[in-house]
Structure formats: C-alpha cells, structure tokens
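Colleague: One structure is given below, represented as structure tokens, and several questions about it will come after.
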Amino acid sequence: MPDEQIRIAWPYTHVFFDQDLFPWLEEKFKAVVINDILGHYQVAPHDMSTIDKCFESLARGTLDFSMIGSCRGPIEYYIDYVIHWVKDYKIDCVILPMQFACKHAFAMARLTSEEVRKETGIPTMIFGCDPYDSREVPSEVIRSKIEDFITQIVL
C-alpha cells in the first residue's frame with residue numbers, strides 16, 4: 001500500500017468470519033496486516049537424494065508449518081519468532097485475537113506481549129474471540145477494540 005501508515009503483526013489466526021476486517025483496517029487507518037500465523041510458512045527445499053532423506057525432509061517441513069513451527073517447544077521459540085517478525089518487518093503494533101478454547105495460547109500471548117514490549121517497545125493488543133463464530137464476540141465489538149487500540153495507543 002503506497003500510503004501505508006501502520007504495519008500490524010498478527011501472529012495468531014485471523015478472524016475468519018469477518019472477511020472485510022483487513023480491508024477495513026486499510027481503509028480506516030491505512031494499516032496493513034503483514035501476515036497471520038496460518039499464512040506464514042518457511043519450508044526449506046526438500047532433500048530428495050534418497051528415499052530416507054526425502055521422508056526426513058518432508059517431516060522437517062511439516063514441523064515448520066505455521067502453528068506447528070512457531071508454537072512447538074518452549075515459549076521462547078514463539079517469543080523469538082514474533083520479535084524477529086516485528087524487527088524484520090518494521091512492525092508498529094501486534095494484534096492477537098485469541099481463540100477462547102486455546103487456554104495455553106492466552107498465556108503464550110501474554111508472555112510474548114511482555115517480551116515484545118521489553119525488547120522492541122511495540123504495543124500489543126490481546127483479546128478473546130472465536131475466530132470462526134461471531135455469536136460470542138461480533139465484528140462490531142472486535143472492530144471497536146481494534147479502533148480504540150490504534151487510536152489511543154498506536155497513533
């Protein structure tokens with residue numbers, strides 16, 4: 001976006017039921033969501049020199065898929081992943097809409113938020129919702145929270 005003003009890291013799932021959320025962010029705030037965790041794959045080229053290497057390479061590639069790659073292992077892996085993302089893409093803020101059913105992810109998000117602020121000074125917003133079902137937290141509420149965050153903290 002040529003007149004981009006805000007770069008948002010979205011290192012968790014997006015809100016699937018609101019297909020117009022990202023275009024709304026672009027129109028209202030000239031904000032660009034750089035990526036979400038489900039669309040961020042860093043799979044290295046496969047070694048196909050032998051059948052064993054081929055299977056090993058496929059297995060390693062699977063371990064690097066989106067949430068598997070960034071959310072497996074100790075919390076430091078995810079924190080480093082997000083901090084690296086924030087620095088590399090010159091992010092202005094981080095938004096984490098957390099799935100209510102993922103209790104472990106809320107703890108992960110909170111710790112990551114603290115470390116991102118400590119290491120980079122970038123603000124983070126965490127809020128609960130069901131990214132697939134608008135009945136618990138409708139689009140209007142999500143957009144209002146994001147708008148408050150951007151206007152009161154980011155800008």
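In the structure tokens, chains take letters A, B, ... by order of appearance, with residues numbered from 1 within each chain and ligands from 1 in the order shown.
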Which residues, written as a list in words, have at least one atom at most 9 Å from Glu56 in chain A, with only C-alpha atoms counted and residues fewer than 5 positions away on the same chain left out?
Modeller: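 Final neighbour list, sorted by chain and number: His46, Asp47, Ile51 and Gly61 of chain A.
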Colleague: Going by DSSP on the backbone, which residues of range 41-145 of chain A come out as helix (DSSP H, G or I)? List them as an MDAnalysis selection string.
Modeller: chainID A and resid 51:63 66:71 75:88 103:120 139:145
Colleague: Export, as a short mmCIF file (atom, residue, chain, number, x, y, z; two decimals), in the first residue's frame, the selected residues with C-alpha atoms.
Modeller:
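File part_21.cif, as written:
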data_model
loop_
_atom_site.label_atom_id
_atom_site.label_comp_id
_atom_site.auth_asym_id
_atom_site.auth_seq_id
_atom_site.Cartn_x
_atom_site.Cartn_y
_atom_site.Cartn_z
CA ILE A 51 14.07 -42.08 -0.18
CA ASP A 52 15.05 -41.76 3.51
CA LYS A 53 16.22 -38.17 3.02
CA CYS A 54 13.01 -37.42 1.17
CA PHE A 55 10.85 -38.62 4.09
CA GLU A 56 13.08 -36.88 6.63
CA SER A 57 12.86 -33.66 4.65
CA LEU A 58 9.06 -33.90 4.40
CA ALA A 59 8.85 -34.50 8.17
CA ARG A 60 11.05 -31.47 8.92
CA GLY A 61 8.97 -29.38 6.54
CA THR A 62 5.80 -30.44 8.36
CA LEU A 63 7.31 -29.32 11.67
CA SER A 66 2.57 -22.23 10.64
CA MET A 67 1.37 -23.00 14.17
CA ILE A 68 3.35 -26.22 14.42
CA GLY A 69 6.62 -24.46 13.65
CA SER A 70 6.09 -21.44 15.87
CA CYS A 71 4.12 -22.94 18.74
CA ILE A 75 7.67 -20.45 24.83
CA GLU A 76 10.98 -18.85 23.85
CA TYR A 77 10.58 -20.25 20.32
CA TYR A 78 7.33 -18.35 19.81
CA ILE A 79 8.64 -15.19 21.51
CA ASP A 80 11.74 -15.21 19.29
CA TYR A 81 9.55 -15.85 16.25
CA VAL A 82 7.36 -12.80 16.99
CA ILE A 83 10.25 -10.50 17.94
CA HIS A 84 12.08 -11.47 14.77
CA TRP A 85 8.92 -10.75 12.77
CA VAL A 86 8.43 -7.35 14.47
CA LYS A 87 12.00 -6.28 13.78
CA ASP A 88 12.30 -7.63 10.23
CA LYS A 103 -6.17 -21.50 27.15
CA HIS A 104 -2.46 -22.24 26.70
CA ALA A 105 -2.34 -19.67 23.90
CA PHE A 106 -3.60 -16.89 26.20
CA ALA A 107 -0.61 -17.49 28.49
CA MET A 108 1.67 -17.65 25.46
CA ALA A 109 0.25 -14.37 24.13
CA ARG A 110 0.65 -12.57 27.45
CA LEU A 111 4.28 -13.61 27.90
CA THR A 112 5.04 -12.77 24.27
CA SER A 113 3.39 -9.37 24.63
CA GLU A 114 5.57 -8.53 27.63
CA GLU A 115 8.76 -9.62 25.87
CA VAL A 116 7.89 -7.79 22.63
CA ARG A 117 7.31 -4.57 24.56
CA LYS A 118 10.53 -5.05 26.57
CA GLU A 119 12.67 -5.85 23.52
CA THR A 120 11.13 -3.52 20.91
CA SER A 139 -17.41 -7.99 14.33
CA GLU A 140 -18.58 -4.65 15.68
CA VAL A 141 -17.06 -5.38 19.09
CA ILE A 142 -13.79 -6.62 17.59
CA ARG A 143 -13.50 -3.60 15.33
CA SER A 144 -14.28 -1.26 18.22
CA LYS A 145 -11.49 -2.82 20.33
#
Colleague: Taking the DSSP secondary structure from the backbone, can you list the residues of chain A that are strand (DSSP E), as a VMD selection string?
Modeller: chain A and resid 6 to 10 31 to 36 93 to 99 124 to 129
Colleague: Might you pull out every residue within 9 Å of Ile95 in chain A, with only C-alpha atoms counted and same-chain residues fewer than 2 positions away left off, and present them as number ranges by chain?
Modeller: A: 8-12, 93, 97, 123-127, 146
Colleague: Quick one, how far is CA of Ile34 in chain A from CA of Ile153 in chain A?
Modeller: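 These two atoms are separated by 19.1 Å.
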Colleague: Can you pull out every residue within 10 Å of Phe29 in chain A, counting only C-alpha atoms, but drop anything in the same chain fewer than 3 positions away, and send it as an NGL selection string?
Modeller: :A and (4-6 or 23-26 or 32 or 147 or 150-151 or 155)
Colleague: Kindly save the residues from that selection, with C-alpha atoms included, as a PDB file, in the first residue's frame.
Modeller:
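Heads up, here's the output in again_7.pdb:
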ATOM      1  CA  GLU A   4       0.700   2.810   4.400  1.00  0.00           C
ATOM      2  CA  GLN A   5       0.893   4.328   7.885  1.00  0.00           C
ATOM      3  CA  ILE A   6       0.715   1.332  10.212  1.00  0.00           C
ATOM      4  CA  PRO A  23      -9.727  -4.148   4.124  1.00  0.00           C
ATOM      5  CA  TRP A  24     -11.447  -2.091   6.854  1.00  0.00           C
ATOM      6  CA  LEU A  25      -8.083  -1.618   8.599  1.00  0.00           C
ATOM      7  CA  GLU A  26      -6.542  -0.493   5.320  1.00  0.00           C
ATOM      8  CA  VAL A  32      -1.528  -3.258   6.611  1.00  0.00           C
ATOM      9  CA  GLU A 147     -10.058   1.020  16.728  1.00  0.00           C
ATOM     10  CA  ILE A 150      -4.973   2.006  17.262  1.00  0.00           C
ATOM     11  CA  THR A 151      -6.286   5.481  18.059  1.00  0.00           C
ATOM     12  CA  LEU A 155      -1.126   6.546  16.761  1.00  0.00           C
TER      13      LEU A 155
END
Colleague: Looking at only C-alpha atoms, which of A:Pro131, A:Pro2, A:Gly121, A:Pro74 is the one that sits closest to Gln19 in chain A?
Modeller: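 So, comparing all the options, the nearest one is A:Pro131.
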Colleague: Within 7 Å of Asp133 in chain A, counting only C-alpha atoms, which residues show up once you throw out same-chain ones fewer than 3 positions away? Write them as a list in words, please.
Modeller: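 Surrounding residues, per the criterion: Phe17, Asp130 and Glu136 of chain A.
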Colleague: Quick one: residues within 7 Å of Gly128 in chain A, only C-alpha atoms, excluding same-chain residues fewer than 5 positions away - as a ChimeraX atom specification?
Modeller: /A:97-100
Colleague: Counting only C-alpha atoms, figure out which residue out of A:Cys129, A:Val137, A:Met48, A:Val33 gets nearest to Cys102 in chain A.
Modeller: A:Cys129
